[in-house]
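S.K.: Structure incoming, see below.
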Amino acid sequence: MRSRARRAAAALAAAVLWLALPVPSARADDPKPPPPPPPLEGSQRWQKLSPEERERIHERWQEFQKLPPERQEELRQKMKQFRSLPKEERARVRQNYQKWQQLPPEKKQEMREKYQRFQQLPPEKKQQVREQHQKKAKDKAPPSGPGNGKPGGH
């Protein structure tokens, strides 16, 4: 189950990264009129949002509507996966997204390139890289206090 949550988190992270990419300009040859506003508009939640938040959501909705139907469905599925994650995992994904937003453009580009290289690896190598990353993260993690379960940790 934990592996499924990690895959879902990775899928969401990929969607979030995609959304963080520069927005392509509207196509002049697009004959379709803009779709109706997002379902949130008119709701109590919508009324509580600041004008800036409303504008940002509306822009994102318009961007979403410009995507091909297949991409829209892919993002809907990823959002569904995200909502199915445990609360703590969703919080971690949101925290990682905030970290991403604070990175300078050069670092974002570097990370995108690393991610693309990772995607090209065979499954066995990907697993090896994941395990190495997990070991590094575990080694970096600070002890959780006197009762951390490690010898001499009191």
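Chain labels follow the order of the structure tokens: the first chain is A, the next B, and so on; residue numbering restarts at 1 in every chain, and ligands are counted from 1 in their shown order.
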Just list the residues in range 28-109 of chain A DSSP gives alpha helix (DSSP H) on the backbone, as JSON, numbers by chain.

M.R.: {"A": [44, 45, 46, 47, 48, 51, 52, 53, 54, 55, 56, 57, 58, 59, 60, 61, 62, 63, 64, 65, 66, 69, 70, 71, 72, 73, 74, 75, 76, 77, 78, 79, 80, 81, 82, 83, 84, 87, 88, 89, 90, 91, 92, 93, 94, 95, 96, 97, 98, 99, 100, 101, 102, 105, 106, 107, 108, 109]}

S.K.: Please indicate the distance in Å from CA of Glu88 in chain A to CA of Lys126 in chain A, rounded to one decimal place.

M.R.: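 The value is 25.1 Å.
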